[in-house]
file structure-v1.txt (compact mmCIF, C-alpha atoms)
# COMPACT_ATOMS: atom_id res chain seq x y z
CA MET A 1 0.00 0.00 0.00
CA THR A 2 1.30 3.44 -0.81
CA ILE A 3 0.35 6.22 1.55
CA GLU A 4 -0.75 9.19 -0.52
CA THR A 5 -2.86 11.51 1.51
CA LEU A 6 -2.73 12.97 4.95
CA PRO A 7 -5.95 11.32 6.21
CA GLU A 8 -4.68 7.87 5.22
CA MET A 9 -1.45 8.57 7.04
CA ALA A 10 -3.30 9.66 10.13
CA LEU A 11 -5.35 6.47 10.04
CA VAL A 12 -2.25 4.31 9.88
CA LEU A 13 -0.58 6.14 12.77
CA ASN A 14 -3.76 6.00 14.80
CA SER A 15 -4.16 2.25 14.48
CA LEU A 16 -0.52 1.76 15.40
CA ALA A 17 -0.95 3.84 18.54
CA GLU A 18 -4.12 1.97 19.50
CA ASN A 19 -2.38 -1.38 19.16
CA ALA A 20 0.40 -0.21 21.43
CA VAL A 21 -2.04 0.86 24.14
CA ALA A 22 -4.00 -2.38 23.85
CA LEU A 23 -0.80 -4.40 24.24
CA GLN A 24 0.03 -2.64 27.49
CA GLU A 25 -3.43 -3.06 28.96
CA THR A 26 -4.23 -6.66 28.06
CA ALA A 27 -0.88 -8.05 29.09
CA ALA A 28 -1.12 -7.00 32.74
CA PRO A 29 -3.99 -9.26 34.02
CA ALA A 30 -2.43 -12.30 32.41
CA GLY A 31 -0.45 -12.80 35.60
CA ASN A 32 3.23 -13.54 35.40
CA GLY A 33 5.41 -10.70 34.30
CA GLY A 34 4.78 -7.05 33.41
CA PRO A 35 3.15 -5.47 30.33
CA ALA A 36 3.88 -6.81 26.86
CA ILE A 37 5.69 -3.60 26.07
CA GLU A 38 8.19 -2.33 28.62
CA GLN A 39 8.41 1.37 29.28
CA GLY A 40 11.59 1.84 27.30
CA ALA A 41 10.16 0.04 24.28
CA ALA A 42 6.98 2.12 24.45
CA ALA A 43 9.02 5.31 24.50
CA ALA A 44 11.01 4.11 21.51
CA LEU A 45 7.75 3.43 19.68
CA GLY A 46 6.56 6.94 20.46
CA ILE A 47 9.74 8.52 19.19
CA GLY A 48 9.61 6.41 16.07
CA LEU A 49 6.04 7.48 15.32
CA ALA A 50 6.97 11.13 15.87
CA ALA A 51 9.83 10.69 13.43
CA ILE A 52 7.47 9.29 10.81
CA GLY A 53 5.23 12.33 11.26
CA ALA A 54 8.15 14.73 10.96
CA GLY A 55 9.36 12.92 7.87
CA TYR A 56 5.96 13.23 6.25
CA ALA A 57 5.87 16.97 6.94
CA GLU A 58 9.39 17.41 5.60
CA ARG A 59 8.49 15.68 2.37
CA ALA A 60 6.20 18.52 1.31
CA ILE A 61 8.41 21.29 2.66
CA GLY A 62 11.49 19.84 1.01
CA ALA A 63 9.71 19.66 -2.33
CA SER A 64 8.65 23.31 -2.09
CA VAL A 65 12.10 24.42 -1.01
CA VAL A 66 13.75 22.69 -3.96
CA GLY A 67 11.22 24.39 -6.21
CA ALA A 68 11.85 27.80 -4.71
CA LEU A 69 15.62 27.29 -4.82
CA ALA A 70 15.43 26.34 -8.49
CA GLU A 71 13.77 29.70 -9.13
CA ASP A 72 16.40 31.45 -7.02
CA SER A 73 13.79 33.12 -4.88
CA ILE A 74 15.07 32.12 -1.41
CA SER A 75 18.51 31.49 0.03
CA PRO A 76 19.61 27.89 0.69
CA GLY A 77 20.00 28.66 4.41
CA ILE A 78 16.34 29.60 4.81
CA GLY A 79 15.42 26.55 2.78
CA ILE A 80 17.29 24.16 5.06
CA LEU A 81 15.91 25.87 8.15
CA LEU A 82 12.33 25.51 6.95
CA THR A 83 12.89 21.92 5.89
CA VAL A 84 14.12 20.76 9.28
CA LEU A 85 11.56 22.72 11.28
CA PRO A 86 9.27 19.68 11.84
CA GLU A 87 12.30 17.85 13.22
CA THR A 88 11.63 19.69 16.49
CA LEU A 89 8.68 17.35 16.97
CA VAL A 90 11.08 14.44 17.27
CA ILE A 91 13.06 16.31 19.90
CA PHE A 92 9.88 16.85 21.90
CA ALA A 93 9.15 13.14 21.56
CA LEU A 94 12.52 12.40 23.22
CA VAL A 95 10.90 13.67 26.44
CA ALA A 96 9.08 10.33 26.54
CA LEU A 97 12.44 8.65 27.25
CA PHE A 98 12.87 10.49 30.56
CA VAL A 99 9.45 10.09 32.21
CA MET B 1 -4.74 9.80 -18.04
CA SER B 2 -1.71 9.51 -15.87
CA THR B 3 -1.99 8.21 -12.36
CA GLY B 4 0.27 8.16 -9.34
CA ALA B 5 1.28 10.72 -6.77
CA SER B 6 1.31 14.35 -7.82
CA ASN B 7 3.71 17.03 -6.65
CA PRO B 8 1.79 20.28 -6.15
CA GLU B 9 4.27 21.58 -3.54
CA TYR B 10 7.20 21.65 -5.92
CA VAL B 11 5.28 23.04 -8.87
CA ASN B 12 3.49 25.66 -6.82
CA ALA B 13 6.69 26.94 -5.22
CA ARG B 14 8.19 27.50 -8.65
CA VAL B 15 5.01 28.93 -10.11
CA ARG B 16 4.54 31.40 -7.28
CA SER B 17 8.03 32.72 -7.62
CA ARG B 18 7.53 33.19 -11.37
CA ARG B 19 4.22 34.85 -10.72
CA ALA B 20 5.96 37.33 -8.46
CA ALA B 21 8.45 38.20 -11.20
CA MET B 22 5.78 39.28 -13.64
CA LEU B 23 5.22 42.85 -14.79
CA SER B 24 3.46 45.18 -12.37
CA ASP B 25 0.95 47.98 -12.97
CA GLU B 26 3.85 50.38 -12.77
CA ASP B 27 5.64 48.64 -15.62
CA TYR B 28 2.55 48.78 -17.80
CA ARG B 29 2.27 52.50 -17.19
CA LYS B 30 5.84 52.88 -18.38
CA LEU B 31 5.32 50.62 -21.39
CA ILE B 32 2.31 52.58 -22.57
CA ARG B 33 4.54 55.58 -23.21
CA MET B 34 7.13 53.66 -25.22
CA GLY B 35 7.50 52.92 -28.91
CA PRO B 36 7.96 49.35 -30.24
CA SER B 37 11.75 49.42 -30.21
CA GLU B 38 11.80 50.84 -26.70
CA ILE B 39 9.44 48.11 -25.56
CA ALA B 40 11.79 45.53 -27.05
CA ARG B 41 14.65 47.16 -25.18
CA PHE B 42 12.64 47.16 -21.97
CA MET B 43 11.78 43.49 -22.41
CA GLU B 44 15.44 42.72 -22.86
CA GLU B 45 15.97 43.79 -19.27
CA THR B 46 13.18 41.62 -17.88
CA GLU B 47 12.72 37.88 -18.03
CA TYR B 48 12.15 38.04 -21.79
CA GLU B 49 15.85 38.67 -22.32
CA GLN B 50 16.67 35.25 -23.71
CA GLU B 51 13.90 35.28 -26.31
CA ILE B 52 14.60 38.84 -27.45
CA ASN B 53 18.27 38.02 -27.91
CA ALA B 54 17.55 34.80 -29.78
CA LEU B 55 15.12 36.44 -32.19
CA GLY B 56 16.68 39.89 -32.36
CA THR B 57 18.69 39.22 -35.50
CA ARG B 58 15.80 37.83 -37.50
CA PHE B 59 12.97 40.17 -36.61
CA SER B 60 12.50 43.72 -35.50
CA GLY B 61 9.86 46.06 -34.11
CA VAL B 62 6.47 44.64 -33.25
CA ASP B 63 7.17 41.28 -34.88
CA LEU B 64 10.13 40.79 -32.60
CA ILE B 65 8.00 41.54 -29.55
CA GLU B 66 5.23 39.27 -30.72
CA TYR B 67 7.44 36.26 -31.42
CA ALA B 68 9.43 36.78 -28.24
CA LEU B 69 6.20 36.84 -26.24
CA ASN B 70 4.95 33.65 -27.87
CA ARG B 71 8.21 31.89 -27.30
CA ASN B 72 8.38 32.97 -23.68
CA LEU B 73 4.82 31.80 -23.10
CA ALA B 74 5.63 28.45 -24.63
CA LYS B 75 8.75 28.12 -22.50
CA HIS B 76 6.87 28.73 -19.28
CA PHE B 77 3.99 26.41 -20.06
CA ASP B 78 6.31 23.68 -21.28
CA ASP B 79 8.10 23.97 -17.95
CA LEU B 80 4.83 23.47 -16.11
CA LEU B 81 4.23 20.21 -17.95
CA GLU B 82 7.78 19.10 -17.40
CA TRP B 83 7.65 19.64 -13.63
CA SER B 84 4.29 18.22 -12.86
CA GLU B 85 3.52 14.58 -12.29
CA GLY B 86 0.55 12.33 -11.87
CA GLN B 87 -2.83 13.88 -11.39
CA LEU B 88 -1.45 17.40 -11.43
CA TYR B 89 -0.02 16.85 -14.91
CA ASP B 90 -3.35 15.54 -16.06
CA ARG B 91 -5.15 18.62 -14.76
CA ILE B 92 -2.68 21.10 -16.24
CA VAL B 93 -2.48 19.45 -19.63
CA ARG B 94 -6.24 19.48 -20.00
CA TYR B 95 -6.13 23.23 -19.97
CA LEU B 96 -2.92 23.72 -21.96
CA ARG B 97 -4.20 21.62 -24.83
CA LYS B 98 -5.81 24.79 -26.04
CA PHE B 99 -2.42 25.68 -27.48
CA ASP B 100 -2.44 22.37 -29.33
CA VAL B 101 -5.76 23.41 -30.80
CA TRP B 102 -4.29 26.76 -31.79
CA ASN B 103 -1.24 25.11 -33.37
CA LEU B 104 -3.25 22.52 -35.24
CA LYS B 105 -5.54 25.19 -36.61
CA THR B 106 -2.54 27.20 -37.76
CA ILE B 107 -0.98 24.14 -39.37
CA VAL B 108 -4.17 23.11 -41.13
CA ARG B 109 -4.69 26.63 -42.42
CA GLY B 110 -1.07 26.76 -43.51
CA ILE B 111 -1.38 23.54 -45.47
CA TYR B 112 -4.65 24.71 -46.97
CA THR B 113 -3.03 27.88 -48.26
CA ASP B 114 0.22 26.13 -49.31
CA SER B 115 2.35 28.20 -46.94
CA ASP B 116 6.01 27.66 -46.41
CA PRO B 117 6.70 25.27 -43.48
CA GLU B 118 9.16 27.78 -42.08
CA GLU B 119 6.47 30.45 -41.96
CA ILE B 120 3.95 28.18 -40.30
CA SER B 121 6.55 27.24 -37.76
CA THR B 122 7.16 30.81 -36.59
CA ASP B 123 3.46 31.32 -35.90
CA LEU B 124 3.15 28.36 -33.57
CA ILE B 125 3.05 28.53 -29.79
CA ARG B 126 4.71 25.33 -28.73
CA ALA B 127 3.10 25.11 -25.34
CA GLY B 128 0.69 22.22 -25.57
CA GLU B 129 0.88 18.50 -25.06
CA LEU B 130 2.16 17.62 -28.53
CA ASP B 131 5.93 17.37 -28.44
CA ASP B 132 8.24 19.28 -30.75
CA GLY B 133 9.02 16.24 -32.88
CA THR B 134 5.36 15.65 -33.67
CA ILE B 135 4.78 19.32 -34.42
CA ASP B 136 7.79 19.46 -36.75
CA ARG B 137 6.44 16.46 -38.63
CA LEU B 138 3.01 18.08 -38.82
CA VAL B 139 4.45 21.27 -40.25
CA GLU B 140 6.32 19.38 -42.97
CA VAL B 141 3.45 17.30 -44.39
CA ASP B 142 1.64 18.33 -47.55
CA SER B 143 -1.93 17.22 -47.03
CA ILE B 144 -4.50 17.50 -44.28
CA GLU B 145 -5.06 13.78 -44.50
CA ASP B 146 -1.47 13.21 -43.37
CA VAL B 147 -2.01 15.55 -40.43
CA ILE B 148 -4.91 13.43 -39.26
CA GLU B 149 -2.82 10.32 -39.67
CA ILE B 150 -0.02 11.71 -37.48
CA LEU B 151 -2.55 12.76 -34.85
CA ASP B 152 -3.82 9.20 -34.58
CA GLY B 153 -4.03 8.27 -30.91
CA THR B 154 -4.50 11.81 -29.59
CA ILE B 155 -7.80 13.18 -28.32
CA PHE B 156 -8.32 14.99 -31.61
CA ALA B 157 -8.15 11.96 -33.90
CA GLU B 158 -11.72 10.74 -33.75
CA GLN B 159 -13.44 14.09 -34.21
CA LEU B 160 -11.04 15.11 -36.97
CA GLU B 161 -11.70 11.96 -38.97
CA ASP B 162 -15.43 12.64 -38.90
CA ALA B 163 -14.90 16.25 -39.84
CA TYR B 164 -12.57 15.35 -42.68
CA GLU B 165 -15.37 13.76 -44.69
CA GLU B 166 -17.34 16.94 -44.34
CA PHE B 167 -14.30 18.94 -45.35
CA GLU B 168 -13.84 16.87 -48.48
CA GLU B 169 -17.44 17.53 -49.49
CA SER B 170 -17.54 21.25 -48.78
CA GLY B 171 -13.90 22.27 -49.15
CA ALA B 172 -14.23 24.68 -46.20
CA LEU B 173 -12.03 24.52 -43.12
CA VAL B 174 -14.80 25.34 -40.65
CA PRO B 175 -15.76 21.70 -39.88
CA LEU B 176 -12.14 20.84 -39.09
CA GLU B 177 -11.70 23.85 -36.82
CA ASN B 178 -14.96 23.21 -35.01
CA ALA B 179 -13.93 19.57 -34.56
CA LEU B 180 -10.69 20.66 -32.89
CA ASP B 181 -12.48 23.06 -30.56
CA ARG B 182 -15.09 20.51 -29.70
CA ALA B 183 -12.51 17.80 -28.98
CA PHE B 184 -10.76 20.20 -26.63
CA TYR B 185 -13.79 21.39 -24.71
CA GLU B 186 -15.39 17.99 -24.45
CA ASN B 187 -12.19 16.60 -23.05
CA LEU B 188 -11.90 19.49 -20.59
CA LEU B 189 -14.57 18.20 -18.23
CA GLU B 190 -14.43 14.54 -19.11
CA ASP B 191 -14.25 12.04 -16.23
CA LEU B 192 -13.87 14.76 -13.62
CA GLY B 193 -17.35 14.13 -12.28
CA ARG B 194 -19.10 16.87 -10.35
CA PRO B 195 -17.52 17.03 -6.88
CA ARG B 196 -19.36 19.20 -4.38
CA GLU B 197 -16.58 20.79 -2.35
CA GLY B 198 -12.84 21.18 -2.02
CA PRO B 199 -10.27 22.10 -4.64
CA GLU B 200 -11.61 19.57 -7.12
CA ALA B 201 -15.00 21.24 -7.14
CA LYS B 202 -13.41 24.64 -7.64
CA TYR B 203 -11.34 23.33 -10.52
CA VAL B 204 -14.47 22.03 -12.21
CA GLU B 205 -16.22 25.32 -11.49
CA PHE B 206 -13.36 27.19 -13.07
CA LEU B 207 -13.48 25.11 -16.23
CA GLU B 208 -17.23 25.53 -16.38
CA ALA B 209 -16.76 29.29 -16.10
CA GLU B 210 -14.32 29.12 -18.99
CA ILE B 211 -16.95 27.38 -21.13
CA ASP B 212 -19.73 29.69 -19.93
CA PHE B 213 -17.77 32.79 -20.77
CA LEU B 214 -16.95 31.44 -24.19
CA ASN B 215 -20.62 30.73 -24.83
CA ALA B 216 -21.58 34.17 -23.50
CA ARG B 217 -19.01 35.81 -25.74
CA ASN B 218 -20.19 33.96 -28.83
CA ALA B 219 -23.84 34.65 -28.02
CA LEU B 220 -23.23 38.34 -27.49
CA ARG B 221 -21.27 38.58 -30.71
CA LEU B 222 -23.99 36.79 -32.63
CA ALA B 223 -26.68 38.98 -31.07
CA ARG B 224 -24.66 42.10 -31.76
CA SER B 225 -23.81 41.35 -35.36
CA GLY B 226 -27.33 40.21 -36.18
CA ALA B 227 -25.82 37.70 -38.58
CA ASP B 228 -28.07 34.89 -39.63
CA LEU B 229 -25.96 32.06 -38.26
CA ASP B 230 -27.05 28.97 -36.43
CA PRO B 231 -26.13 29.52 -32.75
CA ALA B 232 -26.15 25.78 -32.12
CA ALA B 233 -23.08 25.39 -34.31
CA TYR B 234 -21.11 27.51 -31.86
CA TYR B 235 -22.57 26.13 -28.67
CA ILE B 236 -20.17 24.29 -26.38
CA ASP B 237 -21.65 21.78 -24.01
CA GLY B 238 -20.69 21.58 -20.34
CA GLY B 239 -21.33 25.06 -18.94
CA VAL B 240 -24.02 26.02 -16.44
CA LEU B 241 -25.01 29.41 -17.83
CA PHE B 242 -26.78 28.35 -21.00
CA ASP B 243 -28.26 25.24 -22.40
CA GLU B 244 -28.75 24.91 -26.10
CA SER B 245 -32.39 26.00 -26.14
CA ASP B 246 -31.60 29.06 -23.99
CA LEU B 247 -29.03 30.10 -26.47
CA ASN B 248 -31.28 29.71 -29.49
CA ARG B 249 -33.98 31.72 -27.77
CA LEU B 250 -31.76 34.51 -26.46
CA VAL B 251 -29.59 35.23 -29.45
CA GLY B 252 -32.51 37.02 -31.11
CA ASP B 253 -33.02 39.32 -28.14
CA TYR B 254 -29.99 41.26 -26.96
CA ASP B 255 -31.48 42.71 -23.74
CA ALA B 256 -32.87 39.38 -22.62
CA LEU B 257 -29.45 37.85 -23.18
CA VAL B 258 -27.76 40.41 -20.92
CA ASP B 259 -30.48 39.89 -18.30
CA HIS B 260 -29.96 36.16 -18.46
CA ILE B 261 -26.28 36.56 -17.62
CA ALA B 262 -27.06 39.07 -14.84
CA GLU B 263 -29.61 36.76 -13.22
CA ASN B 264 -27.19 33.88 -12.96
CA LYS B 265 -26.27 33.27 -9.33
CA ARG B 266 -22.70 32.35 -9.97
CA TYR B 267 -21.64 35.24 -12.20
CA GLY B 268 -24.28 37.94 -11.76
CA ASP B 269 -22.69 39.70 -8.81
CA ARG B 270 -19.16 39.42 -9.99
CA LEU B 271 -19.95 40.87 -13.38
CA SER B 272 -22.60 43.39 -12.38
CA GLU B 273 -20.48 46.42 -13.12
CA ALA B 274 -19.44 45.17 -16.52
CA LEU B 275 -23.01 44.19 -17.31
CA ASP B 276 -24.24 47.67 -16.51
CA ARG B 277 -21.77 49.10 -18.93
CA LEU B 278 -22.78 46.55 -21.52
CA ARG B 279 -26.42 47.56 -21.09
CA ASP B 280 -25.46 51.14 -21.76
CA ALA B 281 -24.55 49.70 -25.10
CA ASP B 282 -21.01 50.63 -25.70
CA SER B 283 -18.26 48.25 -26.56
CA LEU B 284 -18.33 44.50 -26.38
CA ILE B 285 -14.56 44.54 -25.96
CA GLN B 286 -14.92 46.14 -22.53
CA PHE B 287 -17.21 43.35 -21.46
CA GLU B 288 -14.87 40.70 -22.75
CA HIS B 289 -12.06 42.26 -20.77
CA ALA B 290 -14.26 42.27 -17.70
CA LEU B 291 -14.83 38.54 -18.20
CA ASP B 292 -11.10 37.98 -18.41
CA ALA B 293 -10.45 40.05 -15.31
CA ALA B 294 -13.20 38.26 -13.37
CA LEU B 295 -11.73 34.87 -14.25
CA LEU B 296 -8.24 35.99 -13.30
CA GLU B 297 -9.36 37.42 -9.99
CA TYR B 298 -11.28 34.27 -9.20
CA ALA B 299 -8.26 32.08 -9.93
CA ASP B 300 -6.15 34.30 -7.67
CA THR B 301 -8.58 33.93 -4.78
CA LEU B 302 -8.65 30.18 -5.23
CA SER B 303 -4.89 29.96 -5.14
CA SER B 304 -4.85 31.41 -1.63
CA VAL B 305 -7.75 29.26 -0.46
CA TYR B 306 -6.28 25.99 -1.75
CA PRO B 307 -2.51 26.45 -1.83
CA THR B 308 -1.67 22.81 -2.53
CA SER B 309 -4.01 22.21 -5.41
CA ILE B 310 -3.86 23.10 -9.06
CA SER B 311 -5.26 26.60 -8.39
CA PRO B 312 -1.93 28.49 -8.15
CA VAL B 313 -0.89 26.95 -11.47
CA LEU B 314 -4.16 28.00 -13.09
CA SER B 315 -3.81 31.50 -11.79
CA PHE B 316 -0.27 31.67 -13.15
CA VAL B 317 -1.35 30.38 -16.54
CA LEU B 318 -4.11 32.97 -16.78
CA ALA B 319 -1.92 35.81 -15.53
CA LYS B 320 0.81 34.91 -18.00
CA GLU B 321 -1.64 34.82 -20.88
CA ARG B 322 -2.97 38.23 -19.87
CA GLU B 323 0.51 39.66 -19.56
CA VAL B 324 1.43 38.49 -23.03
CA GLU B 325 -1.80 39.85 -24.43
CA ASN B 326 -1.30 43.18 -22.66
CA ILE B 327 2.21 43.69 -23.95
CA ARG B 328 1.08 42.74 -27.43
CA ALA B 329 -1.82 45.19 -27.20
CA ILE B 330 0.50 47.97 -26.14
CA ALA B 331 3.00 47.25 -28.91
CA ARG B 332 0.31 46.96 -31.60
CA GLY B 333 -1.48 49.99 -30.22
CA ARG B 334 1.64 52.14 -30.35
CA GLU B 335 2.39 50.90 -33.85
CA VAL B 336 -0.93 52.12 -35.24
CA GLY B 337 -0.71 55.31 -33.20
CA LEU B 338 -3.44 54.94 -30.58
CA ASP B 339 -3.12 57.39 -27.70
CA GLU B 340 -2.39 56.35 -24.13
CA ASN B 341 -5.97 56.28 -22.90
CA GLU B 342 -7.12 54.16 -25.79
CA ILE B 343 -4.38 51.64 -25.16
CA GLU B 344 -5.14 51.57 -21.47
CA GLU B 345 -8.68 50.52 -22.28
CA GLU B 346 -7.35 47.54 -24.18
CA LEU B 347 -5.45 46.21 -21.19
CA VAL B 348 -6.65 43.75 -18.61
CA ILE B 349 -5.09 44.80 -15.32
CA LEU B 350 -6.37 43.74 -11.93
call {"tool": "encode", "arguments": {"input": "structure-v1.txt", "output": "structure tokens"}}
result
Amino acid sequence: MTIETLPEMALVLNSLAENAVALQETAAPAGNGGPAIEQGAAAALGIGLAAIGAGYAERAIGASVVGALAEDSISPGIGILLTVLPETLVIFALVALFV
Amino acid sequence: MSTGASNPEYVNARVRSRRAAMLSDEDYRKLIRMGPSEIARFMEETEYEQEINALGTRFSGVDLIEYALNRNLAKHFDDLLEWSEGQLYDRIVRYLRKFDVWNLKTIVRGIYTDSDPEEISTDLIRAGELDDGTIDRLVEVDSIEDVIEILDGTIFAEQLEDAYEEFEESGALVPLENALDRAFYENLLEDLGRPREGPEAKYVEFLEAEIDFLNARNALRLARSGADLDPAAYYIDGGVLFDESDLNRLVGDYDALVDHIAENKRYGDRLSEALDRLRDADSLIQFEHALDAALLEYADTLSSVYPTSISPVLSFVLAKEREVENIRAIARGREVGLDENEIEEELVIL
């Protein structure tokens, strides 16, 4: 399956997140041992999902920046800055590692 | 029809930057006071530089300006097709095929009058879907039958073949030209459906407006001239303003025709000022310019409402066409010695 539109993307991410929550909840009453996903693994999952989101945002921005650069209407520095702006989301997601 | 992902972000970034580099009101005001050679000099300092330099040795004066404008237009629109992919390409090419229609008409006329291939070639605007190789072959052939053969497989083939029989009987080019127009306009709205909202719906609305305005223009001209022609022969299907029976009824009655346009929900308000002027019975040209301006303004609004759709490209295409027509009007106007106010009336400026 190719992911083409934003809504489809959101759907995929949503179902992933739901699965993760379900895994944590159902595993506990089973008795021996902790949740199916340990805290560290869950945090890693969260960061990974945030990275996918940032990547998706950068796709469109990168395309526009290359277009604008080809027309010589912005400087490369601004272009790079704008392209990596969504990357901040991944940095926020790193917070999940420390709680 | 091409499928696959489209890349509106890339195309729109480029298109917007080119849109920003276009001539401003200020520039037009300067141009109006210049003679043809000064205009050519002025253009040399703008983005038309390359074309003016390439053609400067072969042509001069207004011809130079005209050919440079055509070539520049073709360059920009070819770029659009080169950049775009997938659905976006499909949407853009639908509209740009009108240059194919223009070229094919020129070629057919050229063959009909036994013109020199070289001469035909200079009059073409190579901006449509047909590639240069195909167009060069078309220019070189000697008979209209060969043209149709080369076009086999394009959207024009079927209609042209039908029209060719008629052409052989009557010997007039009109059936062939109507067939080209019809193939273009019928293809314009084909398999787009009628979406209710979002950019798709606006795109369809825009194309419908294009057809409506064309019908309105033809109807007004017919009504004005009072010529005894069959309006149905000029009617293009697909618009919302007229259906065929409306048109037949209204062409006889000029006032009713203007009222019909004014009562339309979609265009009435936007065109009210121009319609008032039209009622006061002066020039049709003014009204046609008002139609152009309304379409341009509408496309501009859409491009801010839906930034990642085809709208910015459409607005660029329209603005570029207007710019080329404006410069041409100024150059031709100066050549025949119109004064500044008269030329200004010929321009379409937002």
call {"tool": "closest_atom_pairs", "arguments": {"input": "structure-v1.txt", "of": "chain B", "to": "chain A", "cutoff": "8 Å", "atoms": "only C-alpha atoms", "output": "tab-separated table"}}
result
residue	atom	partner	partner_atom	distance
B:Ala5	CA	A:Glu4	CA	6.7
B:Asn7	CA	A:Ala63	CA	7.8
B:Glu9	CA	A:Ser64	CA	4.9
B:Tyr10	CA	A:Ser64	CA	4.4
B:Val11	CA	A:Gly67	CA	6.6
B:Asn12	CA	A:Ser64	CA	7.4
B:Ala13	CA	A:Ser64	CA	5.2
B:Arg14	CA	A:Gly67	CA	5.0
B:Ser17	CA	A:Ser73	CA	6.4
B:Arg18	CA	A:Glu71	CA	7.5
call {"tool": "atom_distance", "arguments": {"input": "structure-v1.txt", "atom1": "CA of Phe99 (chain B)", "atom2": "CA of Gly128 (chain B)"}}
result
5.0 Å
call {"tool": "atom_distance", "arguments": {"input": "structure-v1.txt", "atom1": "CA of Leu80 (chain B)", "atom2": "CA of Ile65 (chain B)"}}
result
22.7 Å
call {"tool": "axis_aligned_box", "arguments": {"input": "structure-v1.txt", "around": "region 244-251 of chain B", "padding_each_side": "3 Å", "output": "JSON"}}
result
{"center_x": -31.4, "center_y": 30.1, "center_z": -26.7, "size_x": 11.2, "size_y": 16.3, "size_z": 11.5}
call {"tool": "residues_around", "arguments": {"input": "structure-v1.txt", "residues": "Gly55 (chain A)", "least_positions_apart": "6", "cutoff": "12 Å", "atoms": "all atoms listed in the file", "output": "PyMOL selection string"}}
result
chain A and resi 9+48-49+61-62+83-90
call {"tool": "closest_residue", "arguments": {"input": "structure-v1.txt", "among": "B:Glu177, B:Glu140, B:Asp132, B:Asp276", "to": "Arg109 (chain B)", "atoms": "only C-alpha atoms"}}
result
B:Glu177
call {"tool": "atom_distance", "arguments": {"input": "structure-v1.txt", "atom1": "CA of Gly198 (chain B)", "atom2": "CA of Asn264 (chain B)"}}
result
22.1 Å
call {"tool": "residues_around", "arguments": {"input": "structure-v1.txt", "residues": "Asp230 (chain B)", "least_positions_apart": "2", "cutoff": "12 Å", "atoms": "all atoms listed in the file", "output": "number ranges by chain"}}
result
B: 218-219, 222-223, 226-228, 232-235, 244-245, 247-249, 251-252
call {"tool": "closest_residue", "arguments": {"input": "structure-v1.txt", "among": "B:Ala256, B:Ala294, B:Ala68, B:Val348", "to": "Ala274 (chain B)", "atoms": "all atoms listed in the file"}}
result
B:Ala294
call {"tool": "residues_around", "arguments": {"input": "structure-v1.txt", "residues": "Ala329 (chain B)", "least_positions_apart": "3", "cutoff": "12 Å", "atoms": "all atoms listed in the file", "output": "mmCIF file with C-alpha atoms, keeping the file's coordinate frame"}}
result
data_model
loop_
_atom_site.group_PDB
_atom_site.id
_atom_site.type_symbol
_atom_site.label_atom_id
_atom_site.label_comp_id
_atom_site.auth_asym_id
_atom_site.auth_seq_id
_atom_site.Cartn_x
_atom_site.Cartn_y
_atom_site.Cartn_z
ATOM 1 C CA TYR B 28 2.550 48.780 -17.800
ATOM 2 C CA LEU B 31 5.320 50.620 -21.390
ATOM 3 C CA ILE B 32 2.310 52.580 -22.570
ATOM 4 C CA PRO B 36 7.960 49.350 -30.240
ATOM 5 C CA ILE B 39 9.440 48.110 -25.560
ATOM 6 C CA VAL B 62 6.470 44.640 -33.250
ATOM 7 C CA ILE B 65 8.000 41.540 -29.550
ATOM 8 C CA GLU B 66 5.230 39.270 -30.720
ATOM 9 C CA LEU B 69 6.200 36.840 -26.240
ATOM 10 C CA ARG B 322 -2.970 38.230 -19.870
ATOM 11 C CA GLU B 323 0.510 39.660 -19.560
ATOM 12 C CA VAL B 324 1.430 38.490 -23.030
ATOM 13 C CA GLU B 325 -1.800 39.850 -24.430
ATOM 14 C CA ASN B 326 -1.300 43.180 -22.660
ATOM 15 C CA ARG B 332 0.310 46.960 -31.600
ATOM 16 C CA GLY B 333 -1.480 49.990 -30.220
ATOM 17 C CA ARG B 334 1.640 52.140 -30.350
ATOM 18 C CA GLU B 335 2.390 50.900 -33.850
ATOM 19 C CA VAL B 336 -0.930 52.120 -35.240
ATOM 20 C CA GLY B 337 -0.710 55.310 -33.200
ATOM 21 C CA LEU B 338 -3.440 54.940 -30.580
ATOM 22 C CA GLU B 340 -2.390 56.350 -24.130
ATOM 23 C CA GLU B 342 -7.120 54.160 -25.790
ATOM 24 C CA ILE B 343 -4.380 51.640 -25.160
ATOM 25 C CA GLU B 344 -5.140 51.570 -21.470
ATOM 26 C CA GLU B 345 -8.680 50.520 -22.280
ATOM 27 C CA GLU B 346 -7.350 47.540 -24.180
ATOM 28 C CA LEU B 347 -5.450 46.210 -21.190
ATOM 29 C CA VAL B 348 -6.650 43.750 -18.610
#
call {"tool": "residues_around", "arguments": {"input": "structure-v1.txt", "residues": "region 141-144 of chain B", "least_positions_apart": "5", "cutoff": "12 Å", "atoms": "only C-alpha atoms", "output": "PyMOL selection string"}}
result
chain B and resi 104-117+120+134-136+149-151+160-161+163-165+167-168+171+173+176
call {"tool": "residues_around", "arguments": {"input": "structure-v1.txt", "residues": "Leu314 (chain B)", "least_positions_apart": "5", "cutoff": "9 Å", "atoms": "only C-alpha atoms", "output": "ChimeraX atom specification"}}
result
/B:92,95,203,296,299-300,303,319
